[in-house]
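Working notes for the structure below.
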Amino acid sequence: MNPLLAAAPAGGGEEFQAPGPELFEFPPLFAGGPEWLTKPVLFAVVGALLVCAVAWSAFASPKLVPRGMQNLGEVGYLFVRDQVARPFLGKDSDRWMPLLLSLFFLIWTWNIMAVVPVVQFPVASHIAFPVVLAVSVYLLKIYLGIKNQGFKRYFTDMIPKGLPLPTYFLLVPIEYLSTFILAPFTHAVRLFANMFAGHVILAFFSLVGFWFLFEQPTIKGVPLGIAGVIMTIAMTGFEMFIQFLQAFLFTMLAAMYIGSGLHADH
Amino acid sequence: MITAASLLAAEGNNPLIPHTYELVVGIFSFAVVVLVVGKMLVPRIQKTLEERTEAIEGGLKRAESAQAEAEQTLEQYRSQLAEARHEAARLREQAREQGAQIIAEMREQAQVEARRITESAQAQIEAERQQALTRLRAEVGELAVELASRVVGESLEDEARQRRTVDRFLEELEERTRTQAGEQVS
């Protein structure tokens, strides 16, 4: 039986019910197992190990003339370096590539799991994972800011100078709110929400297809079911784009925040 | 229907509240990736990329220096060739001058020789002429005396006889001259 239906609250029976937040609730992997060992946890770790394995096969013993996996790895490395790191970090790029490359490929791998058959769950749609990454970047940003610019200058240089005094009563709280509270919050939530919504959309359309074609097939329902299948395919393609885009965006913002810690914004 | 209210109502299931154990697993996963990929692998590929850049730049530099060297050698060869041509032209000129000089010398020598030969021939001729003259002078006297004696000795009766006598004398004279010439030739 469809796991989506299994997860869906019983009782509706005849009526179609759109999938909701129960999509994101998982029991322990096996009966009697520890409560924390759920599907998202398993695939968070699997994703991390997968990134390590692929990176290992590509970069373990790199050659001057690349072959096979190294070619692929270099494409990824150069993409992150040239599109993410360099625009924000310039000559500091190489110093921060270890972090940015790890972030990008870990997030992308976690996201891709949404469309991997059988797995079909974006790890980042559980907010704990984006939070860990965003908080890490946030702490790093503040640490770098205080270390490179000094405590006082870090907290004052971000406020524009030379404005009429009353403006500062408005400007200072907004600036601090945006830099120290909203930025990390949106950093994490943007990734989480995109993956969450994407998963709901995919689950919805696939359930429409499954429900009206197999579960409760009716003359009226069949076209709807077919539309659901087509939309599932289309949205899967779209989701793959979003998965990449969100990984890219998250890493790009991380590079931007690190850059703002290294040098005061002007 | 699921509403935002019911969503928030189920406090334990609020998707905006992170699960503690997932935070721990997230930190662990992220740490593993940063350690393995970031700390171990990225420096390797960075080193390789740097080495590649260096290799390419080094290759370009080597090619440049090789080309410069080749150009220098070519220049050297060209200058050597020009020098050789110059030298050849100089030698040719010298040879021509020498040739002209030799020809002039030879000509002069030949002229001197010719003059010498001519002079000696002239001297010889002169000597022979003198000798002939001397002998002729002596012989003419003798002959004249002989002729005169014959003319006197013969009876000058008739003209015919007279004539014969003169003719005979002349023939003898001719013969003598011939004999003399033959002696001289032989």
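Letters A, B, ... go to the chains of the structure tokens in the order shown; residues in each chain start at 1; ligands are counted from 1 in the same order.
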
- Residues of chain B within 12 Å of chain A, using only C-alpha atoms, as a VMD selection string? chain B and resid 1 to 4 6 to 8 10 12 to 56

Store the residues picked out above, limited to N, CA and C atoms, as a compact mmCIF listing (two decimals), in the first residue's frame.
# COMPACT_ATOMS: atom_id res chain seq x y z
N MET B 1 -9.72 18.89 6.91
CA MET B 1 -8.85 19.97 6.43
C MET B 1 -7.80 20.32 7.49
N ILE B 2 -6.63 20.62 6.98
CA ILE B 2 -5.55 21.02 7.90
C ILE B 2 -5.42 22.53 7.83
N THR B 3 -5.50 23.17 8.94
CA THR B 3 -5.34 24.62 8.97
C THR B 3 -4.09 24.96 9.74
N ALA B 4 -3.67 26.22 9.59
CA ALA B 4 -2.48 26.67 10.32
C ALA B 4 -2.71 26.54 11.81
N SER B 6 -4.61 24.37 13.46
CA SER B 6 -4.49 23.00 13.94
C SER B 6 -3.04 22.55 13.87
N LEU B 7 -2.32 23.12 12.87
CA LEU B 7 -0.92 22.79 12.72
C LEU B 7 -0.13 23.24 13.94
N LEU B 8 -0.44 24.47 14.36
CA LEU B 8 0.29 25.01 15.51
C LEU B 8 -0.23 24.40 16.82
N ALA B 10 -0.94 21.35 17.41
CA ALA B 10 -0.19 20.15 17.75
C ALA B 10 1.25 20.55 18.02
N GLY B 12 3.82 19.35 19.51
CA GLY B 12 4.92 18.42 19.27
C GLY B 12 5.26 18.28 17.81
N ASN B 13 4.30 18.56 16.95
CA ASN B 13 4.52 18.35 15.52
C ASN B 13 4.79 19.63 14.75
N ASN B 14 4.99 20.71 15.44
CA ASN B 14 5.26 21.97 14.74
C ASN B 14 6.54 21.84 13.91
N PRO B 15 6.41 21.98 12.60
CA PRO B 15 7.60 21.77 11.77
C PRO B 15 8.65 22.85 11.95
N LEU B 16 8.31 23.97 12.62
CA LEU B 16 9.31 25.02 12.84
C LEU B 16 10.12 24.78 14.11
N ILE B 17 9.73 23.79 14.88
CA ILE B 17 10.48 23.47 16.11
C ILE B 17 11.42 22.29 15.81
N PRO B 18 12.71 22.51 15.87
CA PRO B 18 13.63 21.40 15.56
C PRO B 18 13.63 20.35 16.65
N HIS B 19 13.73 19.09 16.21
CA HIS B 19 13.88 18.00 17.17
C HIS B 19 15.30 18.00 17.70
N THR B 20 15.43 17.77 18.97
CA THR B 20 16.75 17.81 19.59
C THR B 20 17.68 16.77 18.97
N TYR B 21 17.18 15.55 18.82
CA TYR B 21 18.07 14.49 18.30
C TYR B 21 18.46 14.76 16.86
N GLU B 22 17.55 15.45 16.13
CA GLU B 22 17.92 15.78 14.75
C GLU B 22 19.00 16.86 14.71
N LEU B 23 18.94 17.78 15.69
CA LEU B 23 20.01 18.77 15.79
C LEU B 23 21.35 18.08 15.99
N VAL B 24 21.35 17.10 16.89
CA VAL B 24 22.60 16.39 17.19
C VAL B 24 23.10 15.66 15.95
N VAL B 25 22.17 14.96 15.28
CA VAL B 25 22.57 14.22 14.07
C VAL B 25 23.03 15.20 12.99
N GLY B 26 22.33 16.34 12.89
CA GLY B 26 22.73 17.35 11.90
C GLY B 26 24.13 17.85 12.17
N ILE B 27 24.42 18.17 13.43
CA ILE B 27 25.77 18.64 13.79
C ILE B 27 26.79 17.57 13.44
N PHE B 28 26.46 16.34 13.78
CA PHE B 28 27.38 15.23 13.51
C PHE B 28 27.62 15.10 11.99
N SER B 29 26.52 15.10 11.22
CA SER B 29 26.66 14.93 9.77
C SER B 29 27.50 16.06 9.17
N PHE B 30 27.15 17.27 9.59
CA PHE B 30 27.86 18.43 9.06
C PHE B 30 29.34 18.38 9.44
N ALA B 31 29.60 17.99 10.68
CA ALA B 31 30.99 17.91 11.14
C ALA B 31 31.77 16.88 10.33
N VAL B 32 31.12 15.73 10.09
CA VAL B 32 31.80 14.68 9.32
C VAL B 32 32.15 15.21 7.92
N VAL B 33 31.17 15.86 7.28
CA VAL B 33 31.43 16.36 5.91
C VAL B 33 32.52 17.42 5.93
N VAL B 34 32.44 18.34 6.90
CA VAL B 34 33.46 19.40 6.94
C VAL B 34 34.84 18.80 7.18
N LEU B 35 34.91 17.79 8.06
CA LEU B 35 36.21 17.19 8.35
C LEU B 35 36.76 16.43 7.14
N VAL B 36 35.91 15.57 6.59
CA VAL B 36 36.40 14.70 5.50
C VAL B 36 36.57 15.51 4.21
N VAL B 37 35.48 16.17 3.79
CA VAL B 37 35.53 16.89 2.52
C VAL B 37 36.36 18.17 2.66
N GLY B 38 36.00 18.96 3.70
CA GLY B 38 36.64 20.26 3.84
C GLY B 38 38.10 20.17 4.23
N LYS B 39 38.36 19.46 5.34
CA LYS B 39 39.72 19.48 5.89
C LYS B 39 40.67 18.55 5.13
N MET B 40 40.11 17.41 4.68
CA MET B 40 41.01 16.43 4.05
C MET B 40 41.11 16.59 2.54
N LEU B 41 39.94 16.69 1.89
CA LEU B 41 39.93 16.53 0.43
C LEU B 41 40.10 17.86 -0.32
N VAL B 42 39.45 18.90 0.18
CA VAL B 42 39.54 20.18 -0.54
C VAL B 42 40.99 20.67 -0.66
N PRO B 43 41.78 20.62 0.43
CA PRO B 43 43.19 21.04 0.26
C PRO B 43 43.91 20.26 -0.82
N ARG B 44 43.56 18.98 -0.96
CA ARG B 44 44.24 18.18 -2.00
C ARG B 44 43.93 18.71 -3.39
N ILE B 45 42.64 18.94 -3.63
CA ILE B 45 42.27 19.39 -4.98
C ILE B 45 42.78 20.81 -5.20
N GLN B 46 42.81 21.60 -4.12
CA GLN B 46 43.36 22.96 -4.27
C GLN B 46 44.83 22.91 -4.67
N LYS B 47 45.55 21.98 -4.00
CA LYS B 47 46.97 21.84 -4.31
C LYS B 47 47.14 21.40 -5.77
N THR B 48 46.31 20.43 -6.18
CA THR B 48 46.40 19.94 -7.56
C THR B 48 46.10 21.05 -8.56
N LEU B 49 45.07 21.83 -8.26
CA LEU B 49 44.71 22.91 -9.19
C LEU B 49 45.85 23.93 -9.29
N GLU B 50 46.45 24.21 -8.13
CA GLU B 50 47.59 25.14 -8.13
C GLU B 50 48.73 24.59 -8.96
N GLU B 51 48.99 23.29 -8.73
CA GLU B 51 50.09 22.66 -9.47
C GLU B 51 49.81 22.67 -10.96
N ARG B 52 48.54 22.46 -11.30
CA ARG B 52 48.18 22.46 -12.72
C ARG B 52 48.43 23.84 -13.31
N THR B 53 47.96 24.87 -12.59
CA THR B 53 48.19 26.23 -13.06
C THR B 53 49.69 26.46 -13.26
N GLU B 54 50.44 26.02 -12.25
CA GLU B 54 51.89 26.20 -12.33
C GLU B 54 52.47 25.46 -13.53
N ALA B 55 51.98 24.22 -13.71
CA ALA B 55 52.50 23.39 -14.81
C ALA B 55 52.22 24.06 -16.14
N ILE B 56 51.00 24.59 -16.26
CA ILE B 56 50.64 25.23 -17.53
C ILE B 56 51.47 26.49 -17.73

- Task: Could you give me, as a list of chain:residue names, the residues within 12 Å of Phe205 in chain A, counting only C-alpha atoms and dropping anything in the same chain fewer than 5 positions from it?
- Result: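 That gives A:Leu4, A:Gln17, A:Ala18, A:Pro19, A:Gly198, A:His199, A:Val200, A:Phe210, A:Trp211, A:Phe212, A:Leu224, A:Gly225, A:Ile226, A:Ala227, A:Gly228, A:Val229, A:Ile230, A:Met231, A:Thr232, A:Ile233, A:Ala234, A:Met235, A:Thr236.
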
Would you mind exporting the chosen residues as a PDB file, in the first residue's frame, restricted to N, CA and C atoms?
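Writing done, so here's again.pdb:
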ATOM      1  N   LEU A   4       2.087   6.925   1.684  1.00  0.00           N
ATOM      2  CA  LEU A   4       1.413   8.197   1.946  1.00  0.00           C
ATOM      3  C   LEU A   4       0.037   7.929   2.565  1.00  0.00           C
ATOM      4  N   GLN A  17      -8.155  12.909   0.750  1.00  0.00           N
ATOM      5  CA  GLN A  17      -7.629  13.847   1.732  1.00  0.00           C
ATOM      6  C   GLN A  17      -6.228  14.267   1.324  1.00  0.00           C
ATOM      7  N   ALA A  18      -6.013  15.580   1.197  1.00  0.00           N
ATOM      8  CA  ALA A  18      -4.688  16.081   0.822  1.00  0.00           C
ATOM      9  C   ALA A  18      -3.693  15.794   1.936  1.00  0.00           C
ATOM     10  N   PRO A  19      -2.476  15.470   1.575  1.00  0.00           N
ATOM     11  CA  PRO A  19      -1.462  15.191   2.602  1.00  0.00           C
ATOM     12  C   PRO A  19      -1.087  16.469   3.350  1.00  0.00           C
ATOM     13  N   GLY A 198       8.021  21.917  -1.308  1.00  0.00           N
ATOM     14  CA  GLY A 198       8.256  21.055  -2.471  1.00  0.00           C
ATOM     15  C   GLY A 198       7.795  19.640  -2.203  1.00  0.00           C
ATOM     16  N   HIS A 199       8.081  19.166  -0.983  1.00  0.00           N
ATOM     17  CA  HIS A 199       7.694  17.800  -0.644  1.00  0.00           C
ATOM     18  C   HIS A 199       6.180  17.674  -0.571  1.00  0.00           C
ATOM     19  N   VAL A 200       5.534  18.697  -0.011  1.00  0.00           N
ATOM     20  CA  VAL A 200       4.065  18.675   0.078  1.00  0.00           C
ATOM     21  C   VAL A 200       3.469  18.648  -1.328  1.00  0.00           C
ATOM     22  N   PHE A 210      -2.516   8.721  -7.615  1.00  0.00           N
ATOM     23  CA  PHE A 210      -2.699   7.378  -7.059  1.00  0.00           C
ATOM     24  C   PHE A 210      -4.159   7.152  -6.641  1.00  0.00           C
ATOM     25  N   TRP A 211      -4.690   8.145  -6.006  1.00  0.00           N
ATOM     26  CA  TRP A 211      -6.049   8.030  -5.472  1.00  0.00           C
ATOM     27  C   TRP A 211      -7.076   7.866  -6.590  1.00  0.00           C
ATOM     28  N   PHE A 212      -6.996   8.745  -7.610  1.00  0.00           N
ATOM     29  CA  PHE A 212      -8.057   8.735  -8.623  1.00  0.00           C
ATOM     30  C   PHE A 212      -7.826   7.697  -9.715  1.00  0.00           C
ATOM     31  N   LEU A 224      -8.573  13.578 -13.762  1.00  0.00           N
ATOM     32  CA  LEU A 224      -7.910  14.247 -12.631  1.00  0.00           C
ATOM     33  C   LEU A 224      -6.658  13.472 -12.215  1.00  0.00           C
ATOM     34  N   GLY A 225      -6.817  12.152 -12.175  1.00  0.00           N
ATOM     35  CA  GLY A 225      -5.677  11.310 -11.817  1.00  0.00           C
ATOM     36  C   GLY A 225      -4.543  11.458 -12.816  1.00  0.00           C
ATOM     37  N   ILE A 226      -4.902  11.476 -14.123  1.00  0.00           N
ATOM     38  CA  ILE A 226      -3.866  11.629 -15.159  1.00  0.00           C
ATOM     39  C   ILE A 226      -3.170  12.984 -15.010  1.00  0.00           C
ATOM     40  N   ALA A 227      -4.002  14.024 -14.752  1.00  0.00           N
ATOM     41  CA  ALA A 227      -3.417  15.350 -14.533  1.00  0.00           C
ATOM     42  C   ALA A 227      -2.454  15.308 -13.356  1.00  0.00           C
ATOM     43  N   GLY A 228      -2.854  14.576 -12.325  1.00  0.00           N
ATOM     44  CA  GLY A 228      -1.984  14.453 -11.152  1.00  0.00           C
ATOM     45  C   GLY A 228      -0.660  13.813 -11.502  1.00  0.00           C
ATOM     46  N   VAL A 229      -0.696  12.757 -12.317  1.00  0.00           N
ATOM     47  CA  VAL A 229       0.551  12.079 -12.710  1.00  0.00           C
ATOM     48  C   VAL A 229       1.434  13.024 -13.515  1.00  0.00           C
ATOM     49  N   ILE A 230       0.809  13.707 -14.490  1.00  0.00           N
ATOM     50  CA  ILE A 230       1.596  14.634 -15.316  1.00  0.00           C
ATOM     51  C   ILE A 230       2.211  15.722 -14.451  1.00  0.00           C
ATOM     52  N   MET A 231       1.405  16.264 -13.541  1.00  0.00           N
ATOM     53  CA  MET A 231       1.917  17.317 -12.667  1.00  0.00           C
ATOM     54  C   MET A 231       3.031  16.789 -11.764  1.00  0.00           C
ATOM     55  N   THR A 232       2.894  15.544 -11.333  1.00  0.00           N
ATOM     56  CA  THR A 232       3.949  14.966 -10.497  1.00  0.00           C
ATOM     57  C   THR A 232       5.279  14.951 -11.250  1.00  0.00           C
ATOM     58  N   ILE A 233       5.198  14.528 -12.522  1.00  0.00           N
ATOM     59  CA  ILE A 233       6.435  14.467 -13.335  1.00  0.00           C
ATOM     60  C   ILE A 233       7.003  15.873 -13.521  1.00  0.00           C
ATOM     61  N   ALA A 234       6.112  16.822 -13.900  1.00  0.00           N
ATOM     62  CA  ALA A 234       6.575  18.184 -14.138  1.00  0.00           C
ATOM     63  C   ALA A 234       7.159  18.786 -12.870  1.00  0.00           C
ATOM     64  N   MET A 235       6.443  18.590 -11.741  1.00  0.00           N
ATOM     65  CA  MET A 235       6.912  19.192 -10.491  1.00  0.00           C
ATOM     66  C   MET A 235       8.197  18.526  -9.996  1.00  0.00           C
ATOM     67  N   THR A 236       8.380  17.253 -10.342  1.00  0.00           N
ATOM     68  CA  THR A 236       9.635  16.598  -9.958  1.00  0.00           C
ATOM     69  C   THR A 236      10.808  17.297 -10.641  1.00  0.00           C
TER      70      THR A 236
END

- Item | helix (DSSP H, G or I) positions in range 52-228 of chain A, given as a PyMOL selection string | chain A and resi 52-59+69-112+123-125+128-149+151-157+165-215+221-228

- Message: Residues near Ala114 in chain A, anyone? I mean within 9 Å using only C-alpha atoms, not counting same-chain ones fewer than 4 positions away, as a PyMOL selection string.
- Response: chain A and resi 110+119-123+195+198-199+202+236+239-240+243

- Message: Would you pick out the contacts of range 132-140 of chain B at 12 Å or less, using only C-alpha atoms, so that residues sharing its chain but fewer than 3 positions from it are not included, and give the list as a list in words?
- Response: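 Within the cut-off, the hits are Gln124, Ile125, Glu126, Ala127, Glu128, Arg129, Leu143, Ala144, Val145, Glu146, Leu147, Ala148, Leu173, Arg176, Thr177, Gln180, Ala181 and Gln184 of chain B.
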
May I have the selected residues written with C-alpha atoms, as an mmCIF file, in the first residue's frame?
data_model
loop_
_atom_site.group_PDB
_atom_site.id
_atom_site.type_symbol
_atom_site.label_atom_id
_atom_site.label_comp_id
_atom_site.auth_asym_id
_atom_site.auth_seq_id
_atom_site.Cartn_x
_atom_site.Cartn_y
_atom_site.Cartn_z
ATOM 1 C CA GLN B 124 121.205 39.297 -85.924
ATOM 2 C CA ILE B 125 119.846 40.598 -89.170
ATOM 3 C CA GLU B 126 122.025 43.640 -88.832
ATOM 4 C CA ALA B 127 125.040 41.479 -88.133
ATOM 5 C CA GLU B 128 124.305 39.240 -91.081
ATOM 6 C CA ARG B 129 123.728 42.224 -93.250
ATOM 7 C CA LEU B 143 134.301 39.780 -109.464
ATOM 8 C CA ALA B 144 134.749 43.117 -111.000
ATOM 9 C CA VAL B 145 138.454 42.407 -111.392
ATOM 10 C CA GLU B 146 137.719 38.959 -112.800
ATOM 11 C CA LEU B 147 135.132 40.299 -115.199
ATOM 12 C CA ALA B 148 137.389 43.016 -116.266
ATOM 13 C CA LEU B 173 127.398 34.793 -110.751
ATOM 14 C CA ARG B 176 127.428 31.152 -107.171
ATOM 15 C CA THR B 177 124.848 33.110 -105.382
ATOM 16 C CA GLN B 180 125.913 30.287 -101.413
ATOM 17 C CA ALA B 181 122.277 30.540 -100.538
ATOM 18 C CA GLN B 184 123.376 29.082 -95.891
#

- Query: What is the CA of Lys141 in chain A-CA of Phe79 in chain A distance in Å, reported with one decimal?
  - Reply: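 Rounded to one decimal, the two atoms are 22.8 Å apart.
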
- Residues at most 12 Å from range 148-151 of chain A, counting only C-alpha atoms, excluding those fewer than 2 positions away in the same chain, as a ChimeraX atom specification? /A:140-146,153-158,258-265

Would you export the selected residues with C-alpha atoms as a compact mmCIF listing (two decimals), in the first residue's frame, please?
# COMPACT_ATOMS: atom_id res chain seq x y z
CA LEU A 140 31.26 31.96 12.26
CA LYS A 141 30.11 35.30 10.89
CA ILE A 142 30.07 36.96 14.31
CA TYR A 143 33.34 35.34 15.33
CA LEU A 144 35.06 36.54 12.16
CA GLY A 145 33.54 40.00 12.50
CA ILE A 146 34.82 40.49 16.05
CA ARG A 153 34.05 48.44 15.14
CA TYR A 154 32.15 45.32 14.13
CA PHE A 155 29.00 46.48 15.86
CA THR A 156 29.31 50.12 14.80
CA ASP A 157 30.63 49.90 11.22
CA MET A 158 27.46 48.23 10.02
CA ILE A 258 31.52 35.22 5.92
CA GLY A 259 32.56 38.09 3.66
CA SER A 260 30.68 40.56 5.87
CA GLY A 261 32.57 39.19 8.86
CA LEU A 262 35.94 39.50 7.13
CA HIS A 263 35.43 43.02 5.88
CA ALA A 264 33.01 45.71 6.99
CA ASP A 265 30.25 46.39 4.50

- Query: What separation in Å, quoted to one decimal, exists between CA of Gly32 in chain A and CA of Pro117 in chain A?
  - Reply: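 A separation of 26.2 Å between them.
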
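When only C-alpha atoms are used to measure the gap to Thr186 in chain A, the shortest distance among A:Val118, A:Ala134, A:Ile242, A:Val80 belongs to A:Ala134.
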
- Query: How far is it from CA of Asn111 in chain A to CA of Phe43 in chain A, in Å with one decimal?
  - Reply: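 According to the coordinates, CA of Asn111 in chain A and CA of Phe43 in chain A are separated by 10.6 Å.
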